[in-house]
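Here's the structure we're looking at; comments come further down.
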Protein chains: 2
Amino acid sequence: MLTLYYAPGSCARASHIALREAGAEFDLHPVDFASAEQRSAAYRKVNPKGRVPALQTERGILTETPAILAYIAQSFPAANLAPLDDPFEFARLQAFNSYLCATVHVAHAHSRRGERWADDPAAIAEMKRKTPEVMADCFLLIEDNLFTGPWVMGGTYSVADAYLFTIAQWLPVHRINSARYPKVRDHMSRMLARSAVQATLEAESAD
Amino acid sequence: MLTLYYAPGSCARASHIALREAGAEFDLHPVDFASAEQRSAAYRKVNPKGRVPALQTERGILTETPAILAYIAQSFPAANLAPLDDPFEFARLQAFNSYLCATVHVAHAHSRRGERWADDPAAIAEMKRKTPEVMADCFLLIEDNLFTGPWVMGGTYSVADAYLFTIAQWLPVHRINSARYPKVRDHMSRMLARSAVQATLEAESAD
């Protein structure tokens, strides 16, 4: 049995959606960010990085969204959530996920976790001020260069769609109007029509 | 034929080493960071992100180190550079690579690319000041929690070793003494004994 450690609305939502798209049986274990549970000694035994997501499997714990998404796709091949038999296409998918993880999510984190990279409150405030500009640039690159359409990889839905949807939902936090990104906006509305996405949002709001 | 766009000493070194370990035929295309060639219009046609590495393949260009490393491992399975038939072990490898990409490399970038996240010179200086502390914490986590040994994944060498070696070589930039990380230091010395690593360093210094 799989258990997903997550916080509602966090990047763990991508793994949550992917588990549902895969038809996996899993438990959800909420981690309370409001009380900083992710940095507690108990949670650090699950994930010493003090972050979500973490996926408990029968063989041990996995972390990092791109790794978990590929794991779900490979573990449930019948769900066809990644081009598993084509190293080039699989790498295209992984490059997209890596960009979301290492550039877009990192840009977002500068608005709320600036203490990771600076102690001076003025520097932390300056990072927060610039975040909307950096996020907007990231989404322009996605819109103009990275998005194949109608899904991220082209005609076939994949775990990358779950990840893009998860991070695109943070645009309003930065007061960025998604109208600047018509392909991404259309993608968000099609994602919201999927039953796995609806079930994910329902489960996370019930927490 | 493959062509690797790289800059000497950059994170592209991981892909460079992996190509040699795989026994791949490839060309090297240096990108001159000193003249900011990576941000030129010509290079942005190769990689609109304006970064290295980029791997030109017969089917198109791939970016992002974790994606390229998995691609090399999958394209040259005889080299046994990743646990390709075990989704859990493959995810462990990918989680390690993702941590290097999205946390450790990002920490390093705050010392030299602070303008990505702030405009104010004082904020950029503050990020640079804190970088050695953040990098040191990352390597403690690697040493104590993520490194299986004797190689990253255990008994078998993988593309994750090429990536760890590449980023560990940046420790002296931050005046961090690798003696604090005996497993990482031992790993670096064993990496330097590999012919693929020696050939990589020679090729990059000849550039």
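FYI, nothing fancy with the structure tokens labels: chains A, B, ... in order, residues from 1 per chain, ligands from 1 as they appear.
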
query: Which neighbours of stretch 129-134 of chain B fall inside 8 Å, counting only C-alpha atoms, when residues of the same chain fewer than 2 positions from it are skipped, and could you give them as a ChimeraX atom specification?
result: /A:116-119 /B:107-108,110-111,125-127,136-138,174-176

Interface residues on chain A facing chain B, 8 Å, only C-alpha atoms, written as a compact mmCIF listing (two decimals) with all heavy atoms, in the first residue's frame:
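Dumped everything to result-v7.txt:
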# COMPACT_ATOMS: atom_id res chain seq x y z
N PRO A 48 13.97 13.45 5.63
CA PRO A 48 14.93 14.31 6.33
C PRO A 48 15.06 15.70 5.72
O PRO A 48 15.59 16.62 6.35
CB PRO A 48 16.26 13.55 6.23
CG PRO A 48 16.06 12.50 5.20
CD PRO A 48 14.59 12.21 5.14
N LYS A 49 14.55 15.89 4.51
CA LYS A 49 14.58 17.23 3.90
C LYS A 49 13.52 18.17 4.50
O LYS A 49 13.58 19.37 4.29
CB LYS A 49 14.34 17.13 2.39
CG LYS A 49 15.39 16.34 1.64
CD LYS A 49 14.97 16.15 0.19
CE LYS A 49 15.76 15.03 -0.46
NZ LYS A 49 15.18 14.61 -1.76
N ARG A 59 8.75 -0.67 -0.21
CA ARG A 59 10.21 -0.81 -0.20
C ARG A 59 10.93 0.38 0.41
O ARG A 59 12.15 0.36 0.52
CB ARG A 59 10.69 -1.04 -1.64
CG ARG A 59 10.25 -2.40 -2.16
CD ARG A 59 10.57 -2.56 -3.61
NE ARG A 59 12.00 -2.53 -3.86
CZ ARG A 59 12.54 -2.49 -5.08
NH1 ARG A 59 11.76 -2.47 -6.15
NH2 ARG A 59 13.85 -2.47 -5.24
N LEU A 62 10.02 7.51 -1.07
CA LEU A 62 10.52 8.27 -2.22
C LEU A 62 10.15 9.74 -2.04
O LEU A 62 9.09 10.05 -1.51
CB LEU A 62 9.89 7.74 -3.52
CG LEU A 62 10.26 6.31 -3.90
CD1 LEU A 62 9.44 5.86 -5.11
CD2 LEU A 62 11.77 6.18 -4.19
N THR A 63 11.05 10.61 -2.49
CA THR A 63 10.81 12.05 -2.43
C THR A 63 11.08 12.67 -3.80
O THR A 63 11.55 11.98 -4.71
CB THR A 63 11.75 12.71 -1.39
OG1 THR A 63 13.11 12.48 -1.76
CG2 THR A 63 11.50 12.17 0.00
N GLU A 64 10.80 13.96 -3.91
CA GLU A 64 11.04 14.76 -5.12
C GLU A 64 9.97 14.46 -6.18
O GLU A 64 9.89 13.36 -6.73
CB GLU A 64 12.44 14.52 -5.71
CG GLU A 64 13.58 14.77 -4.74
CD GLU A 64 13.91 16.26 -4.56
OE1 GLU A 64 13.58 17.06 -5.44
OE2 GLU A 64 14.50 16.60 -3.52
N PRO A 66 9.51 15.11 -9.45
CA PRO A 66 9.79 14.45 -10.74
C PRO A 66 10.06 12.95 -10.59
O PRO A 66 9.65 12.16 -11.45
CB PRO A 66 11.05 15.19 -11.24
CG PRO A 66 10.99 16.53 -10.58
CD PRO A 66 10.41 16.26 -9.22
N ALA A 67 10.73 12.56 -9.52
CA ALA A 67 11.02 11.14 -9.29
C ALA A 67 9.75 10.36 -8.98
O ALA A 67 9.54 9.24 -9.48
CB ALA A 67 12.04 10.99 -8.15
N ILE A 68 8.89 10.94 -8.15
CA ILE A 68 7.64 10.27 -7.78
C ILE A 68 6.72 10.14 -9.00
O ILE A 68 6.09 9.10 -9.22
CB ILE A 68 6.95 11.02 -6.62
CG1 ILE A 68 7.78 10.87 -5.33
CG2 ILE A 68 5.52 10.51 -6.41
CD1 ILE A 68 7.29 11.71 -4.16
N ALA A 70 7.55 9.94 -12.20
CA ALA A 70 8.05 8.88 -13.09
C ALA A 70 7.80 7.51 -12.47
O ALA A 70 7.45 6.55 -13.17
CB ALA A 70 9.54 9.08 -13.36
N TYR A 71 7.94 7.41 -11.14
CA TYR A 71 7.69 6.15 -10.45
C TYR A 71 6.24 5.71 -10.62
O TYR A 71 5.96 4.53 -10.90
CB TYR A 71 8.03 6.30 -8.96
CG TYR A 71 7.64 5.12 -8.12
CD1 TYR A 71 8.40 3.95 -8.12
CD2 TYR A 71 6.50 5.15 -7.31
CE1 TYR A 71 8.05 2.84 -7.36
CE2 TYR A 71 6.13 4.06 -6.54
CZ TYR A 71 6.91 2.90 -6.57
OH TYR A 71 6.54 1.83 -5.80
N GLN A 74 5.71 4.53 -14.19
CA GLN A 74 6.34 3.23 -14.45
C GLN A 74 5.67 2.10 -13.68
O GLN A 74 5.64 0.96 -14.15
CB GLN A 74 7.83 3.28 -14.08
CG GLN A 74 8.65 4.17 -15.02
CD GLN A 74 10.13 4.18 -14.68
OE1 GLN A 74 10.52 3.93 -13.54
NE2 GLN A 74 10.97 4.48 -15.66
N SER A 75 5.12 2.41 -12.51
CA SER A 75 4.52 1.36 -11.68
C SER A 75 3.11 0.98 -12.14
O SER A 75 2.61 -0.09 -11.80
CB SER A 75 4.46 1.82 -10.21
OG SER A 75 5.76 2.04 -9.72
N PRO A 87 12.87 6.54 -24.98
CA PRO A 87 13.75 7.36 -24.12
C PRO A 87 13.75 8.85 -24.48
O PRO A 87 13.84 9.70 -23.59
CB PRO A 87 15.14 6.74 -24.34
CG PRO A 87 14.84 5.31 -24.66
CD PRO A 87 13.57 5.35 -25.48
N PHE A 88 13.63 9.18 -25.77
CA PHE A 88 13.64 10.60 -26.15
C PHE A 88 12.39 11.31 -25.63
O PHE A 88 12.47 12.37 -25.00
CB PHE A 88 13.77 10.78 -27.66
CG PHE A 88 13.75 12.22 -28.08
CD1 PHE A 88 14.89 13.01 -27.96
CD2 PHE A 88 12.59 12.81 -28.57
CE1 PHE A 88 14.88 14.36 -28.31
CE2 PHE A 88 12.57 14.16 -28.92
CZ PHE A 88 13.70 14.93 -28.80
N PHE A 90 10.41 10.29 -23.27
CA PHE A 90 10.44 10.26 -21.80
C PHE A 90 11.33 11.39 -21.27
O PHE A 90 10.99 12.06 -20.28
CB PHE A 90 10.95 8.89 -21.32
CG PHE A 90 10.90 8.68 -19.83
CD1 PHE A 90 9.69 8.61 -19.16
CD2 PHE A 90 12.08 8.56 -19.10
CE1 PHE A 90 9.65 8.40 -17.78
CE2 PHE A 90 12.05 8.35 -17.72
CZ PHE A 90 10.82 8.28 -17.06
N ALA A 91 12.44 11.64 -21.96
CA ALA A 91 13.34 12.73 -21.55
C ALA A 91 12.69 14.09 -21.76
O ALA A 91 12.88 15.02 -20.96
CB ALA A 91 14.66 12.64 -22.30
N ARG A 92 11.91 14.22 -22.84
CA ARG A 92 11.18 15.48 -23.04
C ARG A 92 10.23 15.73 -21.87
O ARG A 92 10.14 16.84 -21.35
CB ARG A 92 10.36 15.42 -24.33
CG ARG A 92 11.10 15.74 -25.59
CD ARG A 92 10.20 16.57 -26.54
NE ARG A 92 8.93 15.95 -26.82
CZ ARG A 92 7.75 16.61 -26.79
NH1 ARG A 92 7.71 17.90 -26.51
NH2 ARG A 92 6.63 15.98 -27.04
N GLN A 94 10.52 14.46 -18.85
CA GLN A 94 11.30 14.72 -17.64
C GLN A 94 11.93 16.12 -17.64
O GLN A 94 12.08 16.75 -16.59
CB GLN A 94 12.38 13.64 -17.49
CG GLN A 94 11.79 12.27 -17.21
CD GLN A 94 12.53 11.60 -16.08
OE1 GLN A 94 12.00 11.47 -14.97
NE2 GLN A 94 13.76 11.18 -16.34
N ALA A 95 12.30 16.61 -18.82
CA ALA A 95 12.86 17.96 -18.90
C ALA A 95 11.81 18.99 -18.49
O ALA A 95 12.09 19.96 -17.78
CB ALA A 95 13.38 18.25 -20.30
N SER A 98 11.43 18.75 -14.75
CA SER A 98 12.62 19.30 -14.09
C SER A 98 12.58 20.82 -14.12
O SER A 98 12.95 21.48 -13.14
CB SER A 98 13.88 18.77 -14.78
OG SER A 98 15.04 19.19 -14.11
N TYR A 99 12.11 21.39 -15.22
CA TYR A 99 12.00 22.86 -15.29
C TYR A 99 10.99 23.36 -14.25
O TYR A 99 11.24 24.33 -13.54
CB TYR A 99 11.57 23.28 -16.70
CG TYR A 99 11.45 24.78 -16.86
CD1 TYR A 99 12.59 25.59 -16.84
CD2 TYR A 99 10.21 25.40 -16.99
CE1 TYR A 99 12.49 26.97 -16.97
CE2 TYR A 99 10.10 26.78 -17.12
CZ TYR A 99 11.24 27.56 -17.10
OH TYR A 99 11.14 28.92 -17.23
N CYS A 101 10.22 21.92 -11.47
CA CYS A 101 10.77 21.66 -10.13
C CYS A 101 11.89 22.65 -9.78
O CYS A 101 11.87 23.28 -8.74
CB CYS A 101 11.29 20.22 -10.08
SG CYS A 101 11.99 19.73 -8.51
N ALA A 102 12.87 22.77 -10.69
CA ALA A 102 14.11 23.47 -10.34
C ALA A 102 14.08 24.95 -10.70
O ALA A 102 14.91 25.71 -10.19
CB ALA A 102 15.29 22.80 -11.04
N THR A 103 13.16 25.37 -11.56
CA THR A 103 13.10 26.79 -11.93
C THR A 103 11.78 27.43 -11.49
O THR A 103 11.78 28.43 -10.78
CB THR A 103 13.30 26.96 -13.45
OG1 THR A 103 14.61 26.46 -13.79
CG2 THR A 103 13.23 28.43 -13.84
N VAL A 106 11.01 26.83 -7.71
CA VAL A 106 12.04 27.59 -6.99
C VAL A 106 11.73 29.09 -7.04
O VAL A 106 11.87 29.80 -6.03
CB VAL A 106 13.44 27.29 -7.56
CG1 VAL A 106 14.46 28.31 -7.10
CG2 VAL A 106 13.88 25.87 -7.15
N ALA A 107 11.29 29.58 -8.21
CA ALA A 107 10.91 31.00 -8.31
C ALA A 107 9.80 31.32 -7.31
O ALA A 107 9.88 32.29 -6.55
CB ALA A 107 10.46 31.33 -9.73
N HIS A 110 10.66 31.75 -3.60
CA HIS A 110 11.29 33.00 -3.16
C HIS A 110 10.28 33.99 -2.57
O HIS A 110 10.68 34.94 -1.91
CB HIS A 110 12.05 33.64 -4.33
CG HIS A 110 13.39 32.99 -4.56
ND1 HIS A 110 13.52 31.76 -5.14
CD2 HIS A 110 14.65 33.40 -4.26
CE1 HIS A 110 14.80 31.45 -5.20
NE2 HIS A 110 15.51 32.41 -4.67
N ARG A 116 15.40 30.54 3.10
CA ARG A 116 16.31 29.47 2.66
C ARG A 116 17.61 30.05 2.11
O ARG A 116 18.64 29.38 2.13
CB ARG A 116 15.65 28.65 1.54
CG ARG A 116 14.54 27.76 2.01
CD ARG A 116 13.92 26.99 0.84
NE ARG A 116 12.76 26.24 1.30
CZ ARG A 116 11.81 25.76 0.51
NH1 ARG A 116 11.89 25.97 -0.81
NH2 ARG A 116 10.79 25.09 0.99
N TRP A 117 17.54 31.27 1.55
CA TRP A 117 18.68 31.80 0.80
C TRP A 117 19.20 33.14 1.33
O TRP A 117 20.17 33.68 0.79
CB TRP A 117 18.29 31.96 -0.69
CG TRP A 117 17.81 30.68 -1.28
CD1 TRP A 117 18.58 29.57 -1.57
CD2 TRP A 117 16.47 30.33 -1.65
NE1 TRP A 117 17.78 28.58 -2.08
CE2 TRP A 117 16.49 29.01 -2.16
CE3 TRP A 117 15.25 31.02 -1.61
CZ2 TRP A 117 15.34 28.36 -2.61
CZ3 TRP A 117 14.10 30.39 -2.05
CH2 TRP A 117 14.15 29.07 -2.54
N ALA A 118 18.56 33.68 2.37
CA ALA A 118 19.02 34.95 2.95
C ALA A 118 18.50 35.04 4.38
O ALA A 118 17.45 34.49 4.71
CB ALA A 118 18.50 36.13 2.13
N ASP A 119 19.27 35.78 5.23
CA ASP A 119 18.81 36.04 6.60
C ASP A 119 18.23 37.44 6.73
O ASP A 119 17.31 37.68 7.50
CB ASP A 119 19.98 35.88 7.58
CG ASP A 119 20.51 34.45 7.62
OD1 ASP A 119 19.71 33.51 7.40
OD2 ASP A 119 21.73 34.27 7.84
N ASP A 120 18.80 38.39 6.01
CA ASP A 120 18.42 39.80 6.10
C ASP A 120 16.97 39.99 5.64
O ASP A 120 16.63 39.68 4.50
CB ASP A 120 19.38 40.62 5.22
CG ASP A 120 19.03 42.09 5.21
OD1 ASP A 120 18.20 42.51 6.02
OD2 ASP A 120 19.60 42.81 4.36
N ALA A 122 15.41 42.52 4.67
CA ALA A 122 15.28 43.36 3.47
C ALA A 122 15.53 42.54 2.21
O ALA A 122 14.86 42.73 1.18
CB ALA A 122 16.26 44.53 3.54
N ALA A 123 16.48 41.63 2.26
CA ALA A 123 16.76 40.78 1.10
C ALA A 123 15.59 39.82 0.85
O ALA A 123 15.21 39.58 -0.30
CB ALA A 123 18.06 39.99 1.32
N ILE A 124 15.02 39.30 1.93
CA ILE A 124 13.88 38.40 1.80
C ILE A 124 12.69 39.15 1.19
O ILE A 124 11.99 38.63 0.31
CB ILE A 124 13.53 37.78 3.18
CG1 ILE A 124 14.67 36.82 3.60
CG2 ILE A 124 12.19 37.06 3.14
CD1 ILE A 124 14.58 36.33 5.03
N GLU A 126 12.93 41.74 -0.79
CA GLU A 126 13.26 42.04 -2.19
C GLU A 126 12.99 40.82 -3.08
O GLU A 126 12.45 40.95 -4.19
CB GLU A 126 14.74 42.47 -2.28
CG GLU A 126 15.36 42.45 -3.66
CD GLU A 126 14.74 43.45 -4.66
OE1 GLU A 126 13.81 44.19 -4.29
OE2 GLU A 126 15.21 43.46 -5.81
N MET A 127 13.32 39.62 -2.61
CA MET A 127 13.00 38.41 -3.38
C MET A 127 11.49 38.28 -3.57
O MET A 127 11.03 37.93 -4.65
CB MET A 127 13.46 37.16 -2.62
CG MET A 127 14.95 36.99 -2.48
SD MET A 127 15.19 35.45 -1.53
CE MET A 127 16.80 35.77 -0.84
N LYS A 130 10.18 40.58 -6.25
CA LYS A 130 10.51 40.23 -7.64
C LYS A 130 9.81 38.95 -8.11
O LYS A 130 9.74 38.69 -9.32
CB LYS A 130 12.04 40.08 -7.78
CG LYS A 130 12.51 39.99 -9.25
CD LYS A 130 14.04 39.95 -9.34
CE LYS A 130 14.54 39.55 -10.71
NZ LYS A 130 14.34 40.61 -11.72
N THR A 131 9.30 38.15 -7.19
CA THR A 131 8.76 36.83 -7.57
C THR A 131 7.72 36.87 -8.70
O THR A 131 7.82 36.07 -9.64
CB THR A 131 8.19 36.11 -6.33
OG1 THR A 131 9.24 35.91 -5.39
CG2 THR A 131 7.61 34.75 -6.72
N VAL A 134 9.42 37.02 -12.04
CA VAL A 134 10.14 35.79 -12.40
C VAL A 134 9.15 34.70 -12.80
O VAL A 134 9.35 34.00 -13.81
CB VAL A 134 11.03 35.32 -11.23
CG1 VAL A 134 11.87 34.12 -11.66
CG2 VAL A 134 11.94 36.44 -10.74
N LEU A 141 7.75 31.35 -21.04
CA LEU A 141 8.58 30.32 -21.68
C LEU A 141 7.77 29.03 -21.87
O LEU A 141 7.85 28.39 -22.93
CB LEU A 141 9.83 30.03 -20.84
CG LEU A 141 10.81 29.07 -21.50
CD1 LEU A 141 11.76 29.81 -22.44
CD2 LEU A 141 11.63 28.31 -20.46
N ASN A 145 7.31 28.13 -25.62
CA ASN A 145 8.35 27.21 -26.04
C ASN A 145 8.20 25.77 -25.59
O ASN A 145 8.68 24.86 -26.26
CB ASN A 145 9.73 27.70 -25.55
CG ASN A 145 10.12 29.03 -26.16
OD1 ASN A 145 9.99 30.07 -25.53
ND2 ASN A 145 10.57 29.01 -27.40

Who sits within 9 Å of B:Tyr181, only C-alpha atoms, same chain under 6 positions skipped, as a list in words: Phe139, Leu140, Ile142, Glu143 and Asp144 of chain B

message: Give me, as number ranges by chain, the residues of stretch 27-171 of chain A that a backbone DSSP run labels strand (DSSP E or B).
response: A: 27-30, 54-57, 60-63, 151, 154

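Every protein, DNA or RNA residue with an atom at most 7 Å from stretch 149-158 of chain A, where only C-alpha atoms count and chain neighbours fewer than 3 positions away do not, is listed here: Leu81, Ala82, Leu93 and Asp161 of chain A.
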
query: Which polymer residues have any atom within 6 Å of an atom of stretch 3-20 of chain B, counting only C-alpha atoms, with same-chain residues fewer than 5 positions away left out, as a PyMOL selection string?
result: chain B and resi 26-31+52-56+159+162-163+166+196-197+200+204

task: Give me, please, the distance in Å between atom CA of A:Asp32 and atom CA of A:Leu171, quoted to one decimal.
output: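 Spanning atom CA of A:Asp32 to atom CA of A:Leu171 is a straight-line distance of 22.5 Å.
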
query: Residues of stretch 20-124 of chain B in alpha helix (DSSP H) according to DSSP, as an MDAnalysis selection string?
result: chainID B and resid 20:22 41:46 65:75 87:99 105:109 121:124

statement: As a check of understanding: the span from atom CA of B:Ala199 to atom CA of B:Gln38 is 24.3 Å
